[in-house]
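J.: Structure: start.txt, compact mmCIF, N, CA and C atoms.
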# COMPACT_ATOMS: atom_id res chain seq x y z
N MET A 1 8.99 0.91 39.06
CA MET A 1 8.93 0.27 37.75
C MET A 1 8.09 -0.99 37.86
N VAL A 2 7.20 -1.17 36.92
CA VAL A 2 6.35 -2.35 36.87
C VAL A 2 6.99 -3.35 35.93
N SER A 3 7.02 -4.61 36.31
CA SER A 3 7.54 -5.61 35.40
C SER A 3 6.70 -6.86 35.48
N SER A 4 6.81 -7.68 34.47
CA SER A 4 6.07 -8.93 34.41
C SER A 4 6.90 -9.90 33.60
N ASN A 5 6.89 -11.17 34.00
CA ASN A 5 7.70 -12.13 33.26
C ASN A 5 7.20 -12.33 31.83
N ILE A 6 5.92 -12.03 31.55
CA ILE A 6 5.41 -12.15 30.18
C ILE A 6 6.10 -11.15 29.27
N TYR A 7 6.41 -9.98 29.80
CA TYR A 7 6.94 -8.89 28.99
C TYR A 7 8.39 -8.60 29.35
N ARG A 8 9.11 -9.62 29.80
CA ARG A 8 10.47 -9.43 30.28
C ARG A 8 11.40 -8.84 29.24
N HIS A 9 11.24 -9.22 28.00
CA HIS A 9 12.16 -8.78 26.96
C HIS A 9 11.44 -8.13 25.79
N PRO A 10 10.77 -7.01 26.02
CA PRO A 10 10.08 -6.38 24.89
C PRO A 10 11.07 -5.80 23.90
N ASN A 11 10.72 -5.88 22.62
CA ASN A 11 11.56 -5.31 21.56
C ASN A 11 11.17 -3.87 21.30
N TYR A 12 9.93 -3.52 21.57
CA TYR A 12 9.43 -2.21 21.18
C TYR A 12 8.23 -1.88 22.03
N ILE A 13 8.12 -0.65 22.45
CA ILE A 13 6.93 -0.21 23.18
C ILE A 13 6.51 1.14 22.64
N THR A 14 5.24 1.30 22.37
CA THR A 14 4.71 2.59 21.95
C THR A 14 3.42 2.85 22.71
N CYS A 15 3.07 4.09 22.89
CA CYS A 15 1.86 4.43 23.65
C CYS A 15 0.91 5.24 22.79
N ALA A 16 -0.38 5.05 23.04
CA ALA A 16 -1.38 5.87 22.39
C ALA A 16 -1.26 7.29 22.96
N LYS A 17 -1.87 8.24 22.28
CA LYS A 17 -1.76 9.65 22.70
C LYS A 17 -2.20 9.88 24.13
N HIS A 18 -3.20 9.14 24.59
CA HIS A 18 -3.69 9.35 25.95
C HIS A 18 -2.84 8.63 26.99
N ASN A 19 -1.82 7.91 26.57
CA ASN A 19 -0.89 7.21 27.45
C ASN A 19 -1.57 6.25 28.42
N LYS A 20 -2.69 5.71 28.01
CA LYS A 20 -3.38 4.73 28.84
C LYS A 20 -3.01 3.30 28.48
N VAL A 21 -2.61 3.07 27.24
CA VAL A 21 -2.37 1.70 26.81
C VAL A 21 -1.01 1.55 26.11
N PRO A 22 -0.04 0.98 26.77
CA PRO A 22 1.21 0.71 26.08
C PRO A 22 1.05 -0.51 25.18
N PHE A 23 1.94 -0.67 24.27
CA PHE A 23 1.84 -1.72 23.27
C PHE A 23 3.17 -2.45 23.18
N PRO A 24 3.44 -3.38 24.09
CA PRO A 24 4.73 -4.07 24.04
C PRO A 24 4.73 -5.15 22.97
N VAL A 25 5.86 -5.34 22.38
CA VAL A 25 6.06 -6.34 21.35
C VAL A 25 7.22 -7.19 21.80
N GLY A 26 7.03 -8.49 21.87
CA GLY A 26 8.08 -9.35 22.40
C GLY A 26 8.47 -10.46 21.47
N ASN A 27 9.35 -11.31 21.96
CA ASN A 27 9.89 -12.41 21.18
C ASN A 27 8.96 -13.61 21.09
N ASP A 28 7.84 -13.58 21.78
CA ASP A 28 7.00 -14.77 21.84
C ASP A 28 5.82 -14.73 20.88
N GLY A 29 5.82 -13.87 19.90
CA GLY A 29 4.79 -13.91 18.86
C GLY A 29 3.66 -12.93 19.02
N PRO A 30 2.66 -13.20 19.88
CA PRO A 30 1.49 -12.32 19.91
C PRO A 30 1.84 -10.89 20.32
N VAL A 31 1.08 -9.97 19.77
CA VAL A 31 1.19 -8.57 20.14
C VAL A 31 0.09 -8.31 21.16
N ARG A 32 0.44 -7.61 22.23
CA ARG A 32 -0.51 -7.41 23.32
C ARG A 32 -0.78 -5.93 23.57
N LEU A 33 -2.02 -5.64 23.93
CA LEU A 33 -2.42 -4.30 24.33
C LEU A 33 -2.60 -4.34 25.85
N LEU A 34 -1.92 -3.43 26.54
CA LEU A 34 -1.97 -3.42 27.99
C LEU A 34 -2.57 -2.13 28.53
N ASP A 35 -3.20 -2.23 29.67
CA ASP A 35 -3.67 -1.06 30.41
C ASP A 35 -2.50 -0.58 31.24
N LEU A 36 -2.06 0.65 31.03
CA LEU A 36 -0.88 1.19 31.69
C LEU A 36 -1.06 1.31 33.20
N GLU A 37 -2.26 1.60 33.64
CA GLU A 37 -2.50 1.78 35.08
C GLU A 37 -2.47 0.46 35.85
N THR A 38 -3.01 -0.60 35.26
CA THR A 38 -3.08 -1.89 35.96
C THR A 38 -2.07 -2.90 35.44
N TRP A 39 -1.47 -2.60 34.31
CA TRP A 39 -0.50 -3.48 33.64
C TRP A 39 -1.11 -4.83 33.31
N THR A 40 -2.42 -4.82 33.02
CA THR A 40 -3.11 -6.05 32.64
C THR A 40 -3.34 -6.06 31.14
N GLU A 41 -3.40 -7.26 30.60
CA GLU A 41 -3.63 -7.42 29.17
C GLU A 41 -5.09 -7.13 28.85
N VAL A 42 -5.30 -6.20 27.92
CA VAL A 42 -6.64 -5.83 27.48
C VAL A 42 -7.03 -6.63 26.25
N ARG A 43 -6.08 -6.85 25.35
CA ARG A 43 -6.35 -7.56 24.11
C ARG A 43 -5.07 -8.21 23.60
N ARG A 44 -5.24 -9.35 22.97
CA ARG A 44 -4.13 -10.04 22.31
C ARG A 44 -4.46 -10.11 20.83
N PHE A 45 -3.56 -9.60 20.00
CA PHE A 45 -3.77 -9.60 18.55
C PHE A 45 -3.09 -10.82 17.97
N THR A 46 -3.87 -11.66 17.30
CA THR A 46 -3.31 -12.88 16.73
C THR A 46 -2.80 -12.62 15.33
N GLY A 47 -1.93 -13.46 14.88
CA GLY A 47 -1.39 -13.32 13.54
C GLY A 47 0.04 -13.81 13.46
N PRO A 48 1.00 -12.95 13.76
CA PRO A 48 2.39 -13.38 13.61
C PRO A 48 2.74 -14.46 14.61
N VAL A 49 3.43 -15.47 14.13
CA VAL A 49 3.93 -16.51 15.02
C VAL A 49 5.43 -16.33 15.26
N ARG A 50 6.01 -15.41 14.56
CA ARG A 50 7.43 -15.07 14.74
C ARG A 50 7.51 -13.74 15.48
N PRO A 51 8.65 -13.39 16.02
CA PRO A 51 8.76 -12.12 16.77
C PRO A 51 8.34 -10.91 15.94
N VAL A 52 7.73 -9.96 16.63
CA VAL A 52 7.33 -8.69 16.05
C VAL A 52 8.37 -7.66 16.45
N TRP A 53 8.90 -6.92 15.48
CA TRP A 53 10.02 -6.00 15.74
C TRP A 53 9.61 -4.55 15.82
N GLY A 54 8.41 -4.21 15.38
CA GLY A 54 7.98 -2.82 15.46
C GLY A 54 6.48 -2.73 15.37
N ALA A 55 5.90 -1.77 16.09
CA ALA A 55 4.46 -1.58 16.07
C ALA A 55 4.15 -0.12 16.32
N THR A 56 2.99 0.31 15.82
CA THR A 56 2.58 1.71 16.01
C THR A 56 1.07 1.82 15.94
N PHE A 57 0.54 2.87 16.55
CA PHE A 57 -0.88 3.20 16.46
C PHE A 57 -1.09 4.15 15.29
N SER A 58 -2.26 4.06 14.65
CA SER A 58 -2.61 5.04 13.62
C SER A 58 -2.83 6.39 14.30
N PRO A 59 -2.69 7.48 13.54
CA PRO A 59 -2.86 8.81 14.13
C PRO A 59 -4.21 9.02 14.81
N ASP A 60 -5.27 8.39 14.30
CA ASP A 60 -6.59 8.54 14.92
C ASP A 60 -6.83 7.55 16.06
N GLY A 61 -5.85 6.67 16.31
CA GLY A 61 -5.96 5.72 17.41
C GLY A 61 -6.89 4.55 17.16
N LYS A 62 -7.30 4.33 15.91
CA LYS A 62 -8.24 3.26 15.61
C LYS A 62 -7.56 1.95 15.22
N TRP A 63 -6.34 2.03 14.72
CA TRP A 63 -5.65 0.85 14.21
C TRP A 63 -4.31 0.66 14.89
N VAL A 64 -3.83 -0.58 14.81
CA VAL A 64 -2.48 -0.92 15.22
C VAL A 64 -1.83 -1.61 14.02
N LEU A 65 -0.59 -1.22 13.72
CA LEU A 65 0.17 -1.81 12.63
C LEU A 65 1.45 -2.38 13.21
N ALA A 66 1.76 -3.63 12.88
CA ALA A 66 2.96 -4.28 13.41
C ALA A 66 3.71 -4.99 12.30
N GLY A 67 5.04 -4.93 12.37
CA GLY A 67 5.91 -5.62 11.41
C GLY A 67 6.62 -6.76 12.10
N SER A 68 6.75 -7.87 11.39
CA SER A 68 7.22 -9.10 12.01
C SER A 68 8.43 -9.71 11.30
N GLU A 69 9.07 -10.59 12.03
CA GLU A 69 10.15 -11.39 11.47
C GLU A 69 9.64 -12.31 10.36
N ASP A 70 8.33 -12.57 10.33
CA ASP A 70 7.77 -13.43 9.27
C ASP A 70 7.63 -12.69 7.94
N THR A 71 8.19 -11.50 7.83
CA THR A 71 8.24 -10.64 6.63
C THR A 71 6.93 -9.90 6.34
N SER A 72 5.97 -9.97 7.24
CA SER A 72 4.67 -9.34 6.99
C SER A 72 4.44 -8.16 7.91
N LEU A 73 3.46 -7.33 7.51
CA LEU A 73 2.88 -6.30 8.37
C LEU A 73 1.43 -6.70 8.55
N ARG A 74 0.90 -6.44 9.73
CA ARG A 74 -0.50 -6.74 9.98
C ARG A 74 -1.16 -5.51 10.57
N LEU A 75 -2.36 -5.25 10.09
CA LEU A 75 -3.15 -4.11 10.53
C LEU A 75 -4.37 -4.63 11.27
N TRP A 76 -4.54 -4.18 12.53
CA TRP A 76 -5.67 -4.60 13.34
C TRP A 76 -6.53 -3.42 13.72
N ASP A 77 -7.83 -3.68 13.89
CA ASP A 77 -8.74 -2.71 14.47
C ASP A 77 -8.53 -2.76 15.98
N LEU A 78 -8.22 -1.62 16.57
CA LEU A 78 -7.88 -1.57 17.99
C LEU A 78 -9.06 -1.97 18.88
N GLU A 79 -10.26 -1.50 18.54
CA GLU A 79 -11.42 -1.77 19.39
C GLU A 79 -11.85 -3.23 19.36
N SER A 80 -11.94 -3.82 18.16
CA SER A 80 -12.44 -5.19 18.05
C SER A 80 -11.34 -6.24 18.11
N GLY A 81 -10.11 -5.85 17.78
CA GLY A 81 -9.02 -6.81 17.71
C GLY A 81 -8.97 -7.58 16.40
N ARG A 82 -9.88 -7.27 15.49
CA ARG A 82 -9.96 -7.97 14.19
C ARG A 82 -8.80 -7.56 13.29
N GLN A 83 -8.18 -8.55 12.66
CA GLN A 83 -7.14 -8.24 11.68
C GLN A 83 -7.81 -7.74 10.41
N LEU A 84 -7.43 -6.53 9.98
CA LEU A 84 -8.03 -5.93 8.80
C LEU A 84 -7.28 -6.29 7.52
N LYS A 85 -5.96 -6.31 7.60
CA LYS A 85 -5.14 -6.58 6.42
C LYS A 85 -3.84 -7.22 6.82
N ARG A 86 -3.29 -7.99 5.92
CA ARG A 86 -1.92 -8.51 6.03
C ARG A 86 -1.20 -8.04 4.78
N PHE A 87 -0.09 -7.35 4.98
CA PHE A 87 0.71 -6.82 3.88
C PHE A 87 1.96 -7.68 3.74
N GLN A 88 2.25 -8.12 2.52
CA GLN A 88 3.38 -9.03 2.32
C GLN A 88 4.16 -8.62 1.09
N ARG A 89 5.30 -7.96 1.25
CA ARG A 89 6.17 -7.63 0.13
C ARG A 89 7.64 -7.68 0.51
N HIS A 90 7.96 -7.61 1.79
CA HIS A 90 9.35 -7.71 2.21
C HIS A 90 9.82 -9.15 2.03
N THR A 91 11.11 -9.33 1.84
CA THR A 91 11.68 -10.67 1.69
C THR A 91 12.43 -11.12 2.94
N ARG A 92 12.58 -10.20 3.89
CA ARG A 92 13.20 -10.51 5.19
C ARG A 92 12.41 -9.79 6.28
N SER A 93 12.83 -9.91 7.51
CA SER A 93 12.12 -9.32 8.66
C SER A 93 11.76 -7.86 8.44
N VAL A 94 10.58 -7.48 8.94
CA VAL A 94 10.18 -6.07 8.96
C VAL A 94 10.63 -5.51 10.31
N CYS A 95 11.44 -4.46 10.27
CA CYS A 95 12.07 -3.93 11.49
C CYS A 95 11.40 -2.69 12.05
N GLY A 96 10.72 -1.93 11.22
CA GLY A 96 10.10 -0.70 11.69
C GLY A 96 8.91 -0.33 10.85
N VAL A 97 7.93 0.32 11.49
CA VAL A 97 6.72 0.75 10.81
C VAL A 97 6.31 2.13 11.32
N ALA A 98 5.67 2.91 10.46
CA ALA A 98 5.18 4.24 10.85
C ALA A 98 4.01 4.62 9.94
N PHE A 99 3.09 5.39 10.48
CA PHE A 99 1.98 5.94 9.70
C PHE A 99 2.33 7.35 9.24
N SER A 100 1.74 7.76 8.12
CA SER A 100 1.80 9.17 7.72
C SER A 100 0.93 9.95 8.70
N PRO A 101 1.12 11.26 8.83
CA PRO A 101 0.32 12.05 9.77
C PRO A 101 -1.19 11.95 9.55
N ASP A 102 -1.61 11.76 8.30
CA ASP A 102 -3.05 11.66 8.03
C ASP A 102 -3.57 10.22 8.10
N GLY A 103 -2.69 9.23 8.30
CA GLY A 103 -3.10 7.84 8.43
C GLY A 103 -3.44 7.15 7.13
N ARG A 104 -3.30 7.84 6.00
CA ARG A 104 -3.64 7.23 4.71
C ARG A 104 -2.56 6.30 4.19
N TYR A 105 -1.34 6.49 4.68
CA TYR A 105 -0.20 5.68 4.24
C TYR A 105 0.57 5.17 5.45
N ALA A 106 1.34 4.13 5.20
CA ALA A 106 2.28 3.64 6.20
C ALA A 106 3.57 3.31 5.47
N VAL A 107 4.65 3.34 6.19
CA VAL A 107 5.94 2.96 5.63
C VAL A 107 6.54 1.87 6.52
N SER A 108 7.23 0.94 5.89
CA SER A 108 7.91 -0.11 6.64
C SER A 108 9.33 -0.24 6.13
N GLY A 109 10.21 -0.60 7.03
CA GLY A 109 11.60 -0.86 6.69
C GLY A 109 11.95 -2.27 7.06
N GLY A 110 12.71 -2.93 6.19
CA GLY A 110 13.02 -4.33 6.43
C GLY A 110 14.49 -4.66 6.39
N ASP A 111 14.80 -5.85 6.89
CA ASP A 111 16.16 -6.38 6.81
C ASP A 111 16.56 -6.68 5.37
N ASP A 112 15.64 -6.57 4.45
CA ASP A 112 15.95 -6.76 3.03
C ASP A 112 16.45 -5.46 2.40
N SER A 113 16.76 -4.47 3.24
CA SER A 113 17.30 -3.16 2.80
C SER A 113 16.31 -2.39 1.95
N THR A 114 15.02 -2.55 2.22
CA THR A 114 14.00 -1.79 1.48
C THR A 114 13.12 -1.00 2.43
N LEU A 115 12.60 0.09 1.91
CA LEU A 115 11.51 0.83 2.54
C LEU A 115 10.32 0.65 1.62
N ARG A 116 9.17 0.37 2.20
CA ARG A 116 7.97 0.18 1.39
C ARG A 116 6.89 1.14 1.86
N LEU A 117 6.20 1.74 0.89
CA LEU A 117 5.09 2.64 1.17
C LEU A 117 3.80 1.88 0.91
N TRP A 118 2.91 1.91 1.87
CA TRP A 118 1.66 1.16 1.79
C TRP A 118 0.47 2.13 1.82
N VAL A 119 -0.52 1.87 0.98
CA VAL A 119 -1.78 2.62 1.02
C VAL A 119 -2.68 1.89 2.02
N MET A 120 -3.14 2.61 3.02
CA MET A 120 -3.98 2.00 4.04
C MET A 120 -5.41 1.84 3.52
N PRO A 121 -6.12 0.85 4.05
CA PRO A 121 -7.51 0.64 3.62
C PRO A 121 -8.38 1.84 3.90
N GLY A 122 -9.46 1.95 3.13
CA GLY A 122 -10.43 3.02 3.34
C GLY A 122 -11.30 2.71 4.54
N PRO A 123 -12.33 3.50 4.76
CA PRO A 123 -13.19 3.35 5.94
C PRO A 123 -13.81 1.96 6.08
N ASP A 124 -14.09 1.29 4.94
CA ASP A 124 -14.70 -0.03 5.03
C ASP A 124 -13.65 -1.13 5.24
N ALA A 125 -12.36 -0.79 5.17
CA ALA A 125 -11.26 -1.73 5.38
C ALA A 125 -11.31 -2.91 4.43
N GLU A 126 -11.93 -2.77 3.29
CA GLU A 126 -12.04 -3.87 2.34
C GLU A 126 -11.45 -3.55 0.97
N GLU A 127 -11.09 -2.30 0.73
CA GLU A 127 -10.58 -1.96 -0.60
C GLU A 127 -9.16 -2.48 -0.77
N PRO A 128 -8.72 -2.70 -2.02
CA PRO A 128 -7.40 -3.24 -2.26
C PRO A 128 -6.30 -2.31 -1.73
N THR A 129 -5.21 -2.91 -1.34
CA THR A 129 -4.06 -2.17 -0.83
C THR A 129 -2.92 -2.30 -1.83
N LYS A 130 -2.21 -1.21 -2.06
CA LYS A 130 -1.12 -1.19 -3.02
C LYS A 130 0.18 -0.83 -2.32
N THR A 131 1.29 -1.23 -2.94
CA THR A 131 2.59 -0.77 -2.46
C THR A 131 3.19 0.10 -3.55
N ARG A 132 4.09 0.95 -3.15
CA ARG A 132 4.77 1.80 -4.13
C ARG A 132 6.24 1.64 -3.96
Could I get this structure in the form of structure tokens?
T.:
Amino acid sequence: MVSSNIYRHPNYITCAKHNKVPFPVGNDGPVRLLDLETWTEVRRFTGPVRPVWGATFSPDGKWVLAGSEDTSLRLWDLESGRQLKRFQRHTRSVCGVAFSPDGRYAVSGGDDSTLRLWVMPGPDAEEPTKTR
């Protein structure tokens, strides 16, 4: 078993389909992308300053979506690390996130006892996002 004091208490870990990069989410704010073989940090996604409680990869492996105690979801481009969108509709912590199989939608669940359906951005990542 590999361990590191940086990732001592992860809340959530998910892996891309190729199982090369785990995605630990911890109590210290930033979300990190790690190389599974070397256990080194490949990228740090900035945004939430509060703990992140859930994260997932898009079905095509291009995006990462994470839900935070700060009541937001953030969508990042996996390759560049650029934040594409910040979704804000929950009134309490976001506890879980998932993409639809086609990646066009995402769902989030929060401590506010709500499930929210989100329309993901189009290919240019600039079109408006709606909730239902």
J.: So that I can see what lies close to A:Asp77, please list as a tab-separated table (two decimals) with N, CA and C atoms, keeping the file's coordinate frame the residues with an atom at most 7 Å from it, counting only N, CA and C atoms and leaving out residues fewer than 5 positions away in the same chain.
T.:
chain	number	residue	atom	x	y	z
A	62	LYS	N	-7.30	4.33	15.91
A	62	LYS	CA	-8.24	3.26	15.61
A	62	LYS	C	-7.56	1.95	15.22
A	63	TRP	N	-6.34	2.03	14.72
A	63	TRP	CA	-5.65	0.85	14.21
A	63	TRP	C	-4.31	0.66	14.89
A	64	VAL	N	-3.83	-0.58	14.81
A	64	VAL	CA	-2.48	-0.92	15.22
A	64	VAL	C	-1.83	-1.61	14.02
A	82	ARG	N	-9.88	-7.27	15.49
A	82	ARG	CA	-9.96	-7.97	14.19
A	82	ARG	C	-8.80	-7.56	13.29
A	83	GLN	N	-8.18	-8.55	12.66
A	83	GLN	CA	-7.14	-8.24	11.68
A	83	GLN	C	-7.81	-7.74	10.41
A	84	LEU	N	-7.43	-6.53	9.98
A	84	LEU	CA	-8.03	-5.93	8.80
A	84	LEU	C	-7.28	-6.29	7.52
J.: Record the distance separating atom CA of A:Leu34 and atom CA of A:Gly61, expressed in Å with one decimal.
T.: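 That distance, rounded to one decimal, is 14.5 Å.
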J.: A:Gly54: which residues within 6.5 Å, counting only N, CA and C atoms, same-chain residues fewer than 3 positions away excluded, as a list in words?
T.: Tyr12, Leu65, Ala66, Gly67, Ser68, Val94, Cys95, Gly96 and Val97 of chain A
J.: Would you put the residues from that selection into a file with N, CA and C atoms, as a PDB file, in the frame of the given file?
T.:
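result.pdb, freshly written:
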ATOM      1  N   TYR A  12       9.930  -3.520  21.570  1.00  0.00           N
ATOM      2  CA  TYR A  12       9.430  -2.210  21.180  1.00  0.00           C
ATOM      3  C   TYR A  12       8.230  -1.880  22.030  1.00  0.00           C
ATOM      4  N   LEU A  65      -0.590  -1.220  13.720  1.00  0.00           N
ATOM      5  CA  LEU A  65       0.170  -1.810  12.630  1.00  0.00           C
ATOM      6  C   LEU A  65       1.450  -2.380  13.210  1.00  0.00           C
ATOM      7  N   ALA A  66       1.760  -3.630  12.880  1.00  0.00           N
ATOM      8  CA  ALA A  66       2.960  -4.280  13.410  1.00  0.00           C
ATOM      9  C   ALA A  66       3.710  -4.990  12.300  1.00  0.00           C
ATOM     10  N   GLY A  67       5.040  -4.930  12.370  1.00  0.00           N
ATOM     11  CA  GLY A  67       5.910  -5.620  11.410  1.00  0.00           C
ATOM     12  C   GLY A  67       6.620  -6.760  12.100  1.00  0.00           C
ATOM     13  N   SER A  68       6.750  -7.870  11.390  1.00  0.00           N
ATOM     14  CA  SER A  68       7.220  -9.100  12.010  1.00  0.00           C
ATOM     15  C   SER A  68       8.430  -9.710  11.300  1.00  0.00           C
ATOM     16  N   VAL A  94      10.580  -7.480   8.940  1.00  0.00           N
ATOM     17  CA  VAL A  94      10.180  -6.070   8.960  1.00  0.00           C
ATOM     18  C   VAL A  94      10.630  -5.510  10.310  1.00  0.00           C
ATOM     19  N   CYS A  95      11.440  -4.460  10.270  1.00  0.00           N
ATOM     20  CA  CYS A  95      12.070  -3.930  11.490  1.00  0.00           C
ATOM     21  C   CYS A  95      11.400  -2.690  12.050  1.00  0.00           C
ATOM     22  N   GLY A  96      10.720  -1.930  11.220  1.00  0.00           N
ATOM     23  CA  GLY A  96      10.100  -0.700  11.690  1.00  0.00           C
ATOM     24  C   GLY A  96       8.910  -0.330  10.850  1.00  0.00           C
ATOM     25  N   VAL A  97       7.930   0.320  11.490  1.00  0.00           N
ATOM     26  CA  VAL A  97       6.720   0.750  10.810  1.00  0.00           C
ATOM     27  C   VAL A  97       6.310   2.130  11.320  1.00  0.00           C
TER      28      VAL A  97
END
J.: How many Å separate atom N of A:Ala98 from atom CA of A:Thr40?
T.: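 Between atom N of A:Ala98 and atom CA of A:Thr40 the gap is 25.5 Å.
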J.: Just the number, please: distance in Å from atom C of A:Pro121 to atom C of A:Gly81, one decimal.
T.: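 Rounded to one decimal, the two atoms are 15.7 Å apart.
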J.: For a quick check of understanding, using only N, CA and C atoms, which of A:Phe87, A:Trp39, A:Pro59, A:Asp102 has the smallest distance to A:Arg74?
T.: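 Comparing A:Phe87, A:Trp39, A:Pro59, A:Asp102 against A:Arg74, the winner is A:Phe87.
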J.: Taking all atoms listed in the file into account, which of A:Arg50, A:Ser72, A:Gly122, A:Ala55 comes nearest A:Thr91?
T.: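 The closest residue to A:Thr91 is A:Ser72.
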J.: Looking only at the backbone, which of the residues in stretch 83-121 of chain A does DSSP tag as strand (DSSP E), as number ranges by chain?
T.: A: 83-88, 94-99, 105-110, 115-119
J.: Could you check which of A:Gln88, A:Val31, A:Trp118, A:Ser93 is closest to A:Tyr105, using all atoms listed in the file?
T.: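 Going through A:Gln88, A:Val31, A:Trp118, A:Ser93 one by one, the smallest distance to A:Tyr105 is for A:Trp118.
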J.: Let me make sure I understand: among A:Glu79, A:Asp60, A:Asp70, A:Glu41, which one has the smallest atom-to-atom distance to A:Pro101 if we use all atoms listed in the file?
T.: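 Counting all atoms listed in the file, the residue closest to A:Pro101 is A:Asp60.
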J.: Would you pick out the contacts of A:Ala106 at 6 Å or less, using all atoms listed in the file, so that residues sharing its chain but fewer than 2 positions from it are not included, and give the list as a ChimeraX atom specification?
T.: /A:98-100,103-104,108,116-120
J.: Considering only C-alpha atoms, can you say which of A:Thr114, A:Phe45, A:Pro30, A:Trp53 comes closest to A:Leu75?
T.: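 For A:Leu75, the nearest of the given residues is A:Phe45.
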